[in-house]
$ cat input.pdb   # PDB, N, CA and C atoms, pLDDT in the B column
ATOM      1  N   MET D   1      73.454  -7.338 -18.800  1.00 46.00           N
ATOM      2  CA  MET D   1      72.132  -7.749 -19.234  1.00 46.00           C
ATOM      3  C   MET D   1      71.896  -7.240 -20.644  1.00 46.00           C
ATOM      4  N   THR D   2      71.423  -8.110 -21.506  1.00 43.00           N
ATOM      5  CA  THR D   2      71.138  -7.751 -22.887  1.00 43.00           C
ATOM      6  C   THR D   2      69.643  -7.546 -23.040  1.00 43.00           C
ATOM      7  N   VAL D   3      69.275  -6.447 -23.632  1.00 43.00           N
ATOM      8  CA  VAL D   3      67.869  -6.170 -23.891  1.00 43.00           C
ATOM      9  C   VAL D   3      67.610  -6.428 -25.366  1.00 43.00           C
ATOM     10  N   VAL D   4      66.638  -7.271 -25.649  1.00 44.00           N
ATOM     11  CA  VAL D   4      66.285  -7.608 -27.021  1.00 44.00           C
ATOM     12  C   VAL D   4      64.909  -7.041 -27.300  1.00 44.00           C
ATOM     13  N   GLU D   5      64.830  -6.225 -28.336  1.00 46.00           N
ATOM     14  CA  GLU D   5      63.537  -5.687 -28.722  1.00 46.00           C
ATOM     15  C   GLU D   5      62.952  -6.570 -29.802  1.00 46.00           C
ATOM     16  N   ILE D   6      61.712  -6.967 -29.627  1.00 47.00           N
ATOM     17  CA  ILE D   6      61.028  -7.800 -30.602  1.00 47.00           C
ATOM     18  C   ILE D   6      59.843  -7.004 -31.117  1.00 47.00           C
ATOM     19  N   ASP D   7      59.826  -6.800 -32.422  1.00 49.00           N
ATOM     20  CA  ASP D   7      58.740  -6.051 -33.031  1.00 49.00           C
ATOM     21  C   ASP D   7      57.620  -7.020 -33.399  1.00 49.00           C
ATOM     22  N   VAL D   8      56.566  -6.995 -32.635  1.00 53.00           N
ATOM     23  CA  VAL D   8      55.413  -7.830 -32.917  1.00 53.00           C
ATOM     24  C   VAL D   8      54.258  -6.901 -33.246  1.00 53.00           C
ATOM     25  N   SER D   9      53.804  -6.982 -34.497  1.00 61.00           N
ATOM     26  CA  SER D   9      52.656  -6.179 -34.894  1.00 61.00           C
ATOM     27  C   SER D   9      51.412  -6.812 -34.285  1.00 61.00           C
ATOM     28  N   VAL D  10      50.718  -6.063 -33.482  1.00 61.00           N
ATOM     29  CA  VAL D  10      49.553  -6.587 -32.779  1.00 61.00           C
ATOM     30  C   VAL D  10      48.301  -6.027 -33.431  1.00 61.00           C
ATOM     31  N   ASP D  11      47.440  -6.919 -33.856  1.00 70.00           N
ATOM     32  CA  ASP D  11      46.148  -6.541 -34.414  1.00 70.00           C
ATOM     33  C   ASP D  11      45.194  -6.367 -33.243  1.00 70.00           C
ATOM     34  N   GLU D  12      44.971  -5.127 -32.850  1.00 79.00           N
ATOM     35  CA  GLU D  12      44.173  -4.870 -31.647  1.00 79.00           C
ATOM     36  C   GLU D  12      42.694  -5.181 -31.832  1.00 79.00           C
ATOM     37  N   SER D  13      42.294  -5.527 -33.058  1.00 84.00           N
ATOM     38  CA  SER D  13      40.907  -5.941 -33.254  1.00 84.00           C
ATOM     39  C   SER D  13      40.708  -7.393 -32.826  1.00 84.00           C
ATOM     40  N   GLN D  14      41.803  -8.131 -32.665  1.00 87.00           N
ATOM     41  CA  GLN D  14      41.721  -9.523 -32.214  1.00 87.00           C
ATOM     42  C   GLN D  14      41.443  -9.561 -30.710  1.00 87.00           C
ATOM     43  N   PRO D  15      40.637 -10.513 -30.270  1.00 91.00           N
ATOM     44  CA  PRO D  15      40.363 -10.626 -28.829  1.00 91.00           C
ATOM     45  C   PRO D  15      41.581 -11.159 -28.078  1.00 91.00           C
ATOM     46  N   ILE D  16      41.666 -10.811 -26.818  1.00 93.00           N
ATOM     47  CA  ILE D  16      42.722 -11.363 -25.970  1.00 93.00           C
ATOM     48  C   ILE D  16      42.321 -12.795 -25.632  1.00 93.00           C
ATOM     49  N   ARG D  17      43.273 -13.712 -25.822  1.00 94.00           N
ATOM     50  CA  ARG D  17      43.029 -15.130 -25.587  1.00 94.00           C
ATOM     51  C   ARG D  17      44.027 -15.652 -24.565  1.00 94.00           C
ATOM     52  N   GLU D  18      43.687 -16.773 -23.980  1.00 95.00           N
ATOM     53  CA  GLU D  18      44.596 -17.419 -23.035  1.00 95.00           C
ATOM     54  C   GLU D  18      45.436 -18.459 -23.774  1.00 95.00           C
ATOM     55  N   TYR D  19      46.739 -18.372 -23.582  1.00 96.00           N
ATOM     56  CA  TYR D  19      47.679 -19.362 -24.095  1.00 96.00           C
ATOM     57  C   TYR D  19      48.341 -20.024 -22.899  1.00 96.00           C
ATOM     58  N   VAL D  20      48.611 -21.287 -23.012  1.00 96.00           N
ATOM     59  CA  VAL D  20      49.298 -22.023 -21.953  1.00 96.00           C
ATOM     60  C   VAL D  20      50.519 -22.686 -22.551  1.00 96.00           C
ATOM     61  N   GLY D  21      51.437 -23.091 -21.700  1.00 95.00           N
ATOM     62  CA  GLY D  21      52.614 -23.752 -22.218  1.00 95.00           C
ATOM     63  C   GLY D  21      53.630 -24.063 -21.150  1.00 95.00           C
ATOM     64  N   LEU D  22      54.807 -24.409 -21.625  1.00 95.00           N
ATOM     65  CA  LEU D  22      55.929 -24.754 -20.764  1.00 95.00           C
ATOM     66  C   LEU D  22      57.184 -24.099 -21.299  1.00 95.00           C
ATOM     67  N   ILE D  23      58.111 -23.778 -20.401  1.00 95.00           N
ATOM     68  CA  ILE D  23      59.424 -23.293 -20.786  1.00 95.00           C
ATOM     69  C   ILE D  23      60.458 -24.081 -19.990  1.00 95.00           C
ATOM     70  N   TRP D  24      61.486 -24.527 -20.681  1.00 95.00           N
ATOM     71  CA  TRP D  24      62.580 -25.248 -20.041  1.00 95.00           C
ATOM     72  C   TRP D  24      63.805 -24.349 -20.066  1.00 95.00           C
ATOM     73  N   ILE D  25      64.343 -24.062 -18.900  1.00 93.00           N
ATOM     74  CA  ILE D  25      65.531 -23.217 -18.764  1.00 93.00           C
ATOM     75  C   ILE D  25      66.660 -24.100 -18.255  1.00 93.00           C
ATOM     76  N   GLU D  26      67.656 -24.299 -19.112  1.00 90.00           N
ATOM     77  CA  GLU D  26      68.797 -25.162 -18.807  1.00 90.00           C
ATOM     78  C   GLU D  26      68.301 -26.534 -18.391  1.00 90.00           C
ATOM     79  N   GLU D  27      68.785 -27.068 -17.307  1.00 88.00           N
ATOM     80  CA  GLU D  27      68.420 -28.418 -16.872  1.00 88.00           C
ATOM     81  C   GLU D  27      67.299 -28.431 -15.839  1.00 88.00           C
ATOM     82  N   LYS D  28      66.698 -27.282 -15.594  1.00 88.00           N
ATOM     83  CA  LYS D  28      65.618 -27.197 -14.605  1.00 88.00           C
ATOM     84  C   LYS D  28      64.337 -27.826 -15.163  1.00 88.00           C
ATOM     85  N   PRO D  29      63.460 -28.302 -14.277  1.00 90.00           N
ATOM     86  CA  PRO D  29      62.161 -28.825 -14.745  1.00 90.00           C
ATOM     87  C   PRO D  29      61.372 -27.730 -15.470  1.00 90.00           C
ATOM     88  N   GLY D  30      60.483 -28.141 -16.353  1.00 93.00           N
ATOM     89  CA  GLY D  30      59.672 -27.180 -17.099  1.00 93.00           C
ATOM     90  C   GLY D  30      58.828 -26.308 -16.192  1.00 93.00           C
ATOM     91  N   ILE D  31      58.695 -25.048 -16.561  1.00 94.00           N
ATOM     92  CA  ILE D  31      57.870 -24.089 -15.825  1.00 94.00           C
ATOM     93  C   ILE D  31      56.574 -23.921 -16.614  1.00 94.00           C
ATOM     94  N   ARG D  32      55.445 -24.102 -15.943  1.00 95.00           N
ATOM     95  CA  ARG D  32      54.143 -23.929 -16.606  1.00 95.00           C
ATOM     96  C   ARG D  32      53.875 -22.442 -16.826  1.00 95.00           C
ATOM     97  N   LEU D  33      53.302 -22.134 -17.982  1.00 95.00           N
ATOM     98  CA  LEU D  33      53.024 -20.750 -18.353  1.00 95.00           C
ATOM     99  C   LEU D  33      51.535 -20.551 -18.587  1.00 95.00           C
ATOM    100  N   ARG D  34      51.060 -19.366 -18.294  1.00 95.00           N
ATOM    101  CA  ARG D  34      49.709 -18.919 -18.642  1.00 95.00           C
ATOM    102  C   ARG D  34      49.865 -17.488 -19.125  1.00 95.00           C
ATOM    103  N   ILE D  35      49.561 -17.244 -20.389  1.00 95.00           N
ATOM    104  CA  ILE D  35      49.791 -15.936 -21.004  1.00 95.00           C
ATOM    105  C   ILE D  35      48.491 -15.441 -21.620  1.00 95.00           C
ATOM    106  N   LEU D  36      48.184 -14.180 -21.434  1.00 95.00           N
ATOM    107  CA  LEU D  36      47.049 -13.549 -22.097  1.00 95.00           C
ATOM    108  C   LEU D  36      47.606 -12.685 -23.217  1.00 95.00           C
ATOM    109  N   ALA D  37      47.200 -12.996 -24.461  1.00 95.00           N
ATOM    110  CA  ALA D  37      47.741 -12.283 -25.618  1.00 95.00           C
ATOM    111  C   ALA D  37      46.732 -12.338 -26.757  1.00 95.00           C
ATOM    112  N   ARG D  38      46.974 -11.535 -27.775  1.00 94.00           N
ATOM    113  CA  ARG D  38      46.090 -11.494 -28.938  1.00 94.00           C
ATOM    114  C   ARG D  38      46.477 -12.495 -30.024  1.00 94.00           C
ATOM    115  N   SER D  39      47.702 -13.024 -29.954  1.00 94.00           N
ATOM    116  CA  SER D  39      48.160 -13.991 -30.953  1.00 94.00           C
ATOM    117  C   SER D  39      49.255 -14.857 -30.351  1.00 94.00           C
ATOM    118  N   LEU D  40      49.544 -15.965 -31.026  1.00 94.00           N
ATOM    119  CA  LEU D  40      50.613 -16.839 -30.588  1.00 94.00           C
ATOM    120  C   LEU D  40      51.955 -16.109 -30.631  1.00 94.00           C
ATOM    121  N   GLU D  41      52.155 -15.295 -31.661  1.00 95.00           N
ATOM    122  CA  GLU D  41      53.400 -14.531 -31.774  1.00 95.00           C
ATOM    123  C   GLU D  41      53.572 -13.560 -30.612  1.00 95.00           C
ATOM    124  N   GLU D  42      52.482 -12.895 -30.234  1.00 95.00           N
ATOM    125  CA  GLU D  42      52.544 -11.976 -29.095  1.00 95.00           C
ATOM    126  C   GLU D  42      52.824 -12.745 -27.808  1.00 95.00           C
ATOM    127  N   ALA D  43      52.212 -13.920 -27.648  1.00 96.00           N
ATOM    128  CA  ALA D  43      52.446 -14.741 -26.453  1.00 96.00           C
ATOM    129  C   ALA D  43      53.920 -15.132 -26.361  1.00 96.00           C
ATOM    130  N   ARG D  44      54.510 -15.583 -27.475  1.00 95.00           N
ATOM    131  CA  ARG D  44      55.939 -15.950 -27.482  1.00 95.00           C
ATOM    132  C   ARG D  44      56.808 -14.750 -27.138  1.00 95.00           C
ATOM    133  N   SER D  45      56.453 -13.591 -27.671  1.00 95.00           N
ATOM    134  CA  SER D  45      57.214 -12.369 -27.395  1.00 95.00           C
ATOM    135  C   SER D  45      57.178 -12.030 -25.907  1.00 95.00           C
ATOM    136  N   LEU D  46      56.013 -12.156 -25.297  1.00 95.00           N
ATOM    137  CA  LEU D  46      55.876 -11.861 -23.866  1.00 95.00           C
ATOM    138  C   LEU D  46      56.706 -12.824 -23.023  1.00 95.00           C
ATOM    139  N   VAL D  47      56.739 -14.098 -23.407  1.00 96.00           N
ATOM    140  CA  VAL D  47      57.547 -15.078 -22.674  1.00 96.00           C
ATOM    141  C   VAL D  47      59.036 -14.744 -22.838  1.00 96.00           C
ATOM    142  N   SER D  48      59.449 -14.377 -24.049  1.00 94.00           N
ATOM    143  CA  SER D  48      60.853 -14.012 -24.279  1.00 94.00           C
ATOM    144  C   SER D  48      61.245 -12.784 -23.476  1.00 94.00           C
ATOM    145  N   GLU D  49      60.342 -11.818 -23.363  1.00 95.00           N
ATOM    146  CA  GLU D  49      60.625 -10.622 -22.563  1.00 95.00           C
ATOM    147  C   GLU D  49      60.814 -10.997 -21.094  1.00 95.00           C
ATOM    148  N   GLU D  50      60.016 -11.931 -20.604  1.00 94.00           N
ATOM    149  CA  GLU D  50      60.059 -12.322 -19.191  1.00 94.00           C
ATOM    150  C   GLU D  50      61.266 -13.203 -18.861  1.00 94.00           C
ATOM    151  N   TYR D  51      61.560 -14.189 -19.723  1.00 94.00           N
ATOM    152  CA  TYR D  51      62.569 -15.196 -19.396  1.00 94.00           C
ATOM    153  C   TYR D  51      63.846 -15.099 -20.233  1.00 94.00           C
ATOM    154  N   GLY D  52      63.839 -14.269 -21.262  1.00 93.00           N
ATOM    155  CA  GLY D  52      65.000 -14.170 -22.140  1.00 93.00           C
ATOM    156  C   GLY D  52      64.911 -15.176 -23.278  1.00 93.00           C
ATOM    157  N   ASP D  53      65.853 -15.068 -24.209  1.00 91.00           N
ATOM    158  CA  ASP D  53      65.876 -15.936 -25.384  1.00 91.00           C
ATOM    159  C   ASP D  53      66.757 -17.153 -25.138  1.00 91.00           C
ATOM    160  N   GLY D  54      66.639 -18.129 -26.029  1.00 90.00           N
ATOM    161  CA  GLY D  54      67.510 -19.286 -25.974  1.00 90.00           C
ATOM    162  C   GLY D  54      66.985 -20.453 -25.175  1.00 90.00           C
ATOM    163  N   HIS D  55      65.723 -20.411 -24.778  1.00 94.00           N
ATOM    164  CA  HIS D  55      65.122 -21.494 -24.006  1.00 94.00           C
ATOM    165  C   HIS D  55      64.148 -22.266 -24.894  1.00 94.00           C
ATOM    166  N   VAL D  56      63.853 -23.488 -24.510  1.00 93.00           N
ATOM    167  CA  VAL D  56      62.854 -24.272 -25.222  1.00 93.00           C
ATOM    168  C   VAL D  56      61.485 -23.850 -24.695  1.00 93.00           C
ATOM    169  N   ILE D  57      60.628 -23.383 -25.611  1.00 94.00           N
ATOM    170  CA  ILE D  57      59.308 -22.875 -25.240  1.00 94.00           C
ATOM    171  C   ILE D  57      58.251 -23.619 -26.055  1.00 94.00           C
ATOM    172  N   SER D  58      57.212 -24.054 -25.396  1.00 95.00           N
ATOM    173  CA  SER D  58      56.068 -24.666 -26.057  1.00 95.00           C
ATOM    174  C   SER D  58      54.818 -23.933 -25.582  1.00 95.00           C
ATOM    175  N   ILE D  59      54.110 -23.305 -26.516  1.00 95.00           N
ATOM    176  CA  ILE D  59      52.915 -22.518 -26.173  1.00 95.00           C
ATOM    177  C   ILE D  59      51.789 -22.917 -27.118  1.00 95.00           C
ATOM    178  N   TRP D  60      50.572 -23.005 -26.574  1.00 94.00           N
ATOM    179  CA  TRP D  60      49.425 -23.314 -27.395  1.00 94.00           C
ATOM    180  C   TRP D  60      48.182 -22.706 -26.787  1.00 94.00           C
ATOM    181  N   SER D  61      47.147 -22.624 -27.592  1.00 92.00           N
ATOM    182  CA  SER D  61      45.836 -22.166 -27.132  1.00 92.00           C
ATOM    183  C   SER D  61      44.985 -23.413 -26.912  1.00 92.00           C
ATOM    184  N   GLU D  62      44.438 -23.571 -25.721  1.00 82.00           N
ATOM    185  CA  GLU D  62      43.598 -24.730 -25.431  1.00 82.00           C
ATOM    186  C   GLU D  62      42.405 -24.777 -26.381  1.00 82.00           C
ATOM    187  N   GLY D  63      41.844 -23.622 -26.707  1.00 79.00           N
ATOM    188  CA  GLY D  63      40.713 -23.572 -27.631  1.00 79.00           C
ATOM    189  C   GLY D  63      41.087 -24.086 -29.012  1.00 79.00           C
ATOM    190  N   ASP D  64      42.254 -23.695 -29.504  1.00 74.00           N
ATOM    191  CA  ASP D  64      42.712 -24.174 -30.807  1.00 74.00           C
ATOM    192  C   ASP D  64      43.024 -25.656 -30.759  1.00 74.00           C
ATOM    193  N   ALA D  65      43.616 -26.104 -29.667  1.00 65.00           N
ATOM    194  CA  ALA D  65      43.985 -27.512 -29.538  1.00 65.00           C
ATOM    195  C   ALA D  65      42.749 -28.415 -29.505  1.00 65.00           C
ATOM    196  N   ALA D  66      41.642 -27.904 -28.986  1.00 68.00           N
ATOM    197  CA  ALA D  66      40.432 -28.707 -28.860  1.00 68.00           C
ATOM    198  C   ALA D  66      39.585 -28.722 -30.136  1.00 68.00           C
ATOM    199  N   SER D  67      39.817 -27.770 -31.046  1.00 72.00           N
ATOM    200  CA  SER D  67      38.989 -27.700 -32.244  1.00 72.00           C
ATOM    201  C   SER D  67      39.531 -28.634 -33.323  1.00 72.00           C
ATOM    202  N   PRO D  68      38.624 -29.208 -34.127  1.00 74.00           N
ATOM    203  CA  PRO D  68      39.070 -30.113 -35.186  1.00 74.00           C
ATOM    204  C   PRO D  68      39.820 -29.351 -36.272  1.00 74.00           C
ATOM    205  N   ARG D  69      40.781 -29.999 -36.855  1.00 66.00           N
ATOM    206  CA  ARG D  69      41.568 -29.384 -37.923  1.00 66.00           C
ATOM    207  C   ARG D  69      40.797 -29.517 -39.236  1.00 66.00           C
ATOM    208  N   SER D  70      40.946 -28.513 -40.088  1.00 63.00           N
ATOM    209  CA  SER D  70      40.301 -28.578 -41.399  1.00 63.00           C
ATOM    210  C   SER D  70      41.279 -29.144 -42.411  1.00 63.00           C
ATOM    211  N   GLY D  71      40.765 -29.584 -43.519  1.00 60.00           N
ATOM    212  CA  GLY D  71      41.630 -30.128 -44.555  1.00 60.00           C
ATOM    213  C   GLY D  71      41.680 -31.643 -44.499  1.00 60.00           C
ATOM    214  N   LYS D  72      42.224 -32.201 -45.562  1.00 59.00           N
ATOM    215  CA  LYS D  72      42.311 -33.650 -45.651  1.00 59.00           C
ATOM    216  C   LYS D  72      43.632 -34.152 -45.131  1.00 59.00           C
ATOM    217  N   ARG D  73      43.605 -35.317 -44.541  1.00 55.00           N
ATOM    218  CA  ARG D  73      44.835 -35.950 -44.090  1.00 55.00           C
ATOM    219  C   ARG D  73      45.406 -36.760 -45.232  1.00 55.00           C
ATOM    220  N   SER D  74      46.710 -36.750 -45.329  1.00 53.00           N
ATOM    221  CA  SER D  74      47.346 -37.605 -46.336  1.00 53.00           C
ATOM    222  C   SER D  74      47.578 -38.970 -45.744  1.00 53.00           C
ATOM    223  N   THR D  75      47.424 -39.997 -46.551  1.00 51.00           N
ATOM    224  CA  THR D  75      47.613 -41.357 -46.061  1.00 51.00           C
ATOM    225  C   THR D  75      48.833 -41.990 -46.652  1.00 51.00           C
TER     226      THR D  75
END

$ encode --input "input.pdb" --output "structure tokens"
Amino acid sequence: MTVVEIDVSVDESQPIREYVGLIWIEEKPGIRLRILARSLEEARSLVSEEYGDGHVISIWSEGDAASPRSGKRST
């Protein structure tokens, strides 16, 4: 077993948020994820600690996904 240490600087002034996502391990169907973390980077780190590296991972915050994006769109 290989242990990988990931240094994620956590800003503890940030609130804990819920992140959701999917992870695909080899040819198995995607596994739904629910992670409580202070940042997207911390959420990814927690998933890597649990399932290991080398898998396809998709994680997002429902709150961020629902909010409108700022800036202009290019046409």

$ resolve_selection --input "input.pdb" --expression "the PyMOL selection byres ((chain D and resi 10-25) around 6.5)" --output "PyMOL selection string"
chain D and resi 8-9+26-39+55-62

$ atom_distance --input "input.pdb" --atom1 "CA of Ser45 (chain D)" --atom2 "CA of Pro68 (chain D)"
26.5 Å

$ atom_distance --input "input.pdb" --atom1 "atom N of Ala43 (chain D)" --atom2 "CA of Asp64 (chain D)"
14.3 Å

$ atom_distance --input "input.pdb" --atom1 "atom N of Glu49 (chain D)" --atom2 "CA of Ser67 (chain D)"
28.1 Å

$ select_by_dssp --input "input.pdb" --residues "region 4-64 of chain D" --states "strand (DSSP E)" --output "MDAnalysis selection string"
chainID D and resid 17:24 31:37 56:60

$ build_atoms --input "input.pdb" --residues "region 34-50 of chain D" --atoms "N, CA, C and O atoms" --output "PDB file, in the frame of the given file"
ATOM      1  N   ARG D  34      51.060 -19.366 -18.294  1.00 95.00           N
ATOM      2  CA  ARG D  34      49.709 -18.919 -18.642  1.00 95.00           C
ATOM      3  C   ARG D  34      49.865 -17.488 -19.125  1.00 95.00           C
ATOM      4  O   ARG D  34      50.291 -16.611 -18.367  1.00 95.00           O
ATOM      5  N   ILE D  35      49.561 -17.244 -20.389  1.00 95.00           N
ATOM      6  CA  ILE D  35      49.791 -15.936 -21.004  1.00 95.00           C
ATOM      7  C   ILE D  35      48.491 -15.441 -21.620  1.00 95.00           C
ATOM      8  O   ILE D  35      47.773 -16.205 -22.269  1.00 95.00           O
ATOM      9  N   LEU D  36      48.184 -14.180 -21.434  1.00 95.00           N
ATOM     10  CA  LEU D  36      47.049 -13.549 -22.097  1.00 95.00           C
ATOM     11  C   LEU D  36      47.606 -12.685 -23.217  1.00 95.00           C
ATOM     12  O   LEU D  36      48.396 -11.771 -22.975  1.00 95.00           O
ATOM     13  N   ALA D  37      47.200 -12.996 -24.461  1.00 95.00           N
ATOM     14  CA  ALA D  37      47.741 -12.283 -25.618  1.00 95.00           C
ATOM     15  C   ALA D  37      46.732 -12.338 -26.757  1.00 95.00           C
ATOM     16  O   ALA D  37      45.768 -13.108 -26.719  1.00 95.00           O
ATOM     17  N   ARG D  38      46.974 -11.535 -27.775  1.00 94.00           N
ATOM     18  CA  ARG D  38      46.090 -11.494 -28.938  1.00 94.00           C
ATOM     19  C   ARG D  38      46.477 -12.495 -30.024  1.00 94.00           C
ATOM     20  O   ARG D  38      45.698 -12.765 -30.917  1.00 94.00           O
ATOM     21  N   SER D  39      47.702 -13.024 -29.954  1.00 94.00           N
ATOM     22  CA  SER D  39      48.160 -13.991 -30.953  1.00 94.00           C
ATOM     23  C   SER D  39      49.255 -14.857 -30.351  1.00 94.00           C
ATOM     24  O   SER D  39      49.844 -14.511 -29.320  1.00 94.00           O
ATOM     25  N   LEU D  40      49.544 -15.965 -31.026  1.00 94.00           N
ATOM     26  CA  LEU D  40      50.613 -16.839 -30.588  1.00 94.00           C
ATOM     27  C   LEU D  40      51.955 -16.109 -30.631  1.00 94.00           C
ATOM     28  O   LEU D  40      52.779 -16.249 -29.732  1.00 94.00           O
ATOM     29  N   GLU D  41      52.155 -15.295 -31.661  1.00 95.00           N
ATOM     30  CA  GLU D  41      53.400 -14.531 -31.774  1.00 95.00           C
ATOM     31  C   GLU D  41      53.572 -13.560 -30.612  1.00 95.00           C
ATOM     32  O   GLU D  41      54.661 -13.417 -30.061  1.00 95.00           O
ATOM     33  N   GLU D  42      52.482 -12.895 -30.234  1.00 95.00           N
ATOM     34  CA  GLU D  42      52.544 -11.976 -29.095  1.00 95.00           C
ATOM     35  C   GLU D  42      52.824 -12.745 -27.808  1.00 95.00           C
ATOM     36  O   GLU D  42      53.614 -12.307 -26.968  1.00 95.00           O
ATOM     37  N   ALA D  43      52.212 -13.920 -27.648  1.00 96.00           N
ATOM     38  CA  ALA D  43      52.446 -14.741 -26.453  1.00 96.00           C
ATOM     39  C   ALA D  43      53.920 -15.132 -26.361  1.00 96.00           C
ATOM     40  O   ALA D  43      54.538 -15.022 -25.305  1.00 96.00           O
ATOM     41  N   ARG D  44      54.510 -15.583 -27.475  1.00 95.00           N
ATOM     42  CA  ARG D  44      55.939 -15.950 -27.482  1.00 95.00           C
ATOM     43  C   ARG D  44      56.808 -14.750 -27.138  1.00 95.00           C
ATOM     44  O   ARG D  44      57.778 -14.867 -26.399  1.00 95.00           O
ATOM     45  N   SER D  45      56.453 -13.591 -27.671  1.00 95.00           N
ATOM     46  CA  SER D  45      57.214 -12.369 -27.395  1.00 95.00           C
ATOM     47  C   SER D  45      57.178 -12.030 -25.907  1.00 95.00           C
ATOM     48  O   SER D  45      58.207 -11.677 -25.317  1.00 95.00           O
ATOM     49  N   LEU D  46      56.013 -12.156 -25.297  1.00 95.00           N
ATOM     50  CA  LEU D  46      55.876 -11.861 -23.866  1.00 95.00           C
ATOM     51  C   LEU D  46      56.706 -12.824 -23.023  1.00 95.00           C
ATOM     52  O   LEU D  46      57.338 -12.414 -22.044  1.00 95.00           O
ATOM     53  N   VAL D  47      56.739 -14.098 -23.407  1.00 96.00           N
ATOM     54  CA  VAL D  47      57.547 -15.078 -22.674  1.00 96.00           C
ATOM     55  C   VAL D  47      59.036 -14.744 -22.838  1.00 96.00           C
ATOM     56  O   VAL D  47      59.797 -14.792 -21.867  1.00 96.00           O
ATOM     57  N   SER D  48      59.449 -14.377 -24.049  1.00 94.00           N
ATOM     58  CA  SER D  48      60.853 -14.012 -24.279  1.00 94.00           C
ATOM     59  C   SER D  48      61.245 -12.784 -23.476  1.00 94.00           C
ATOM     60  O   SER D  48      62.359 -12.709 -22.949  1.00 94.00           O
ATOM     61  N   GLU D  49      60.342 -11.818 -23.363  1.00 95.00           N
ATOM     62  CA  GLU D  49      60.625 -10.622 -22.563  1.00 95.00           C
ATOM     63  C   GLU D  49      60.814 -10.997 -21.094  1.00 95.00           C
ATOM     64  O   GLU D  49      61.675 -10.443 -20.417  1.00 95.00           O
ATOM     65  N   GLU D  50      60.016 -11.931 -20.604  1.00 94.00           N
ATOM     66  CA  GLU D  50      60.059 -12.322 -19.191  1.00 94.00           C
ATOM     67  C   GLU D  50      61.266 -13.203 -18.861  1.00 94.00           C
ATOM     68  O   GLU D  50      61.924 -13.007 -17.849  1.00 94.00           O
TER      69      GLU D  50
END
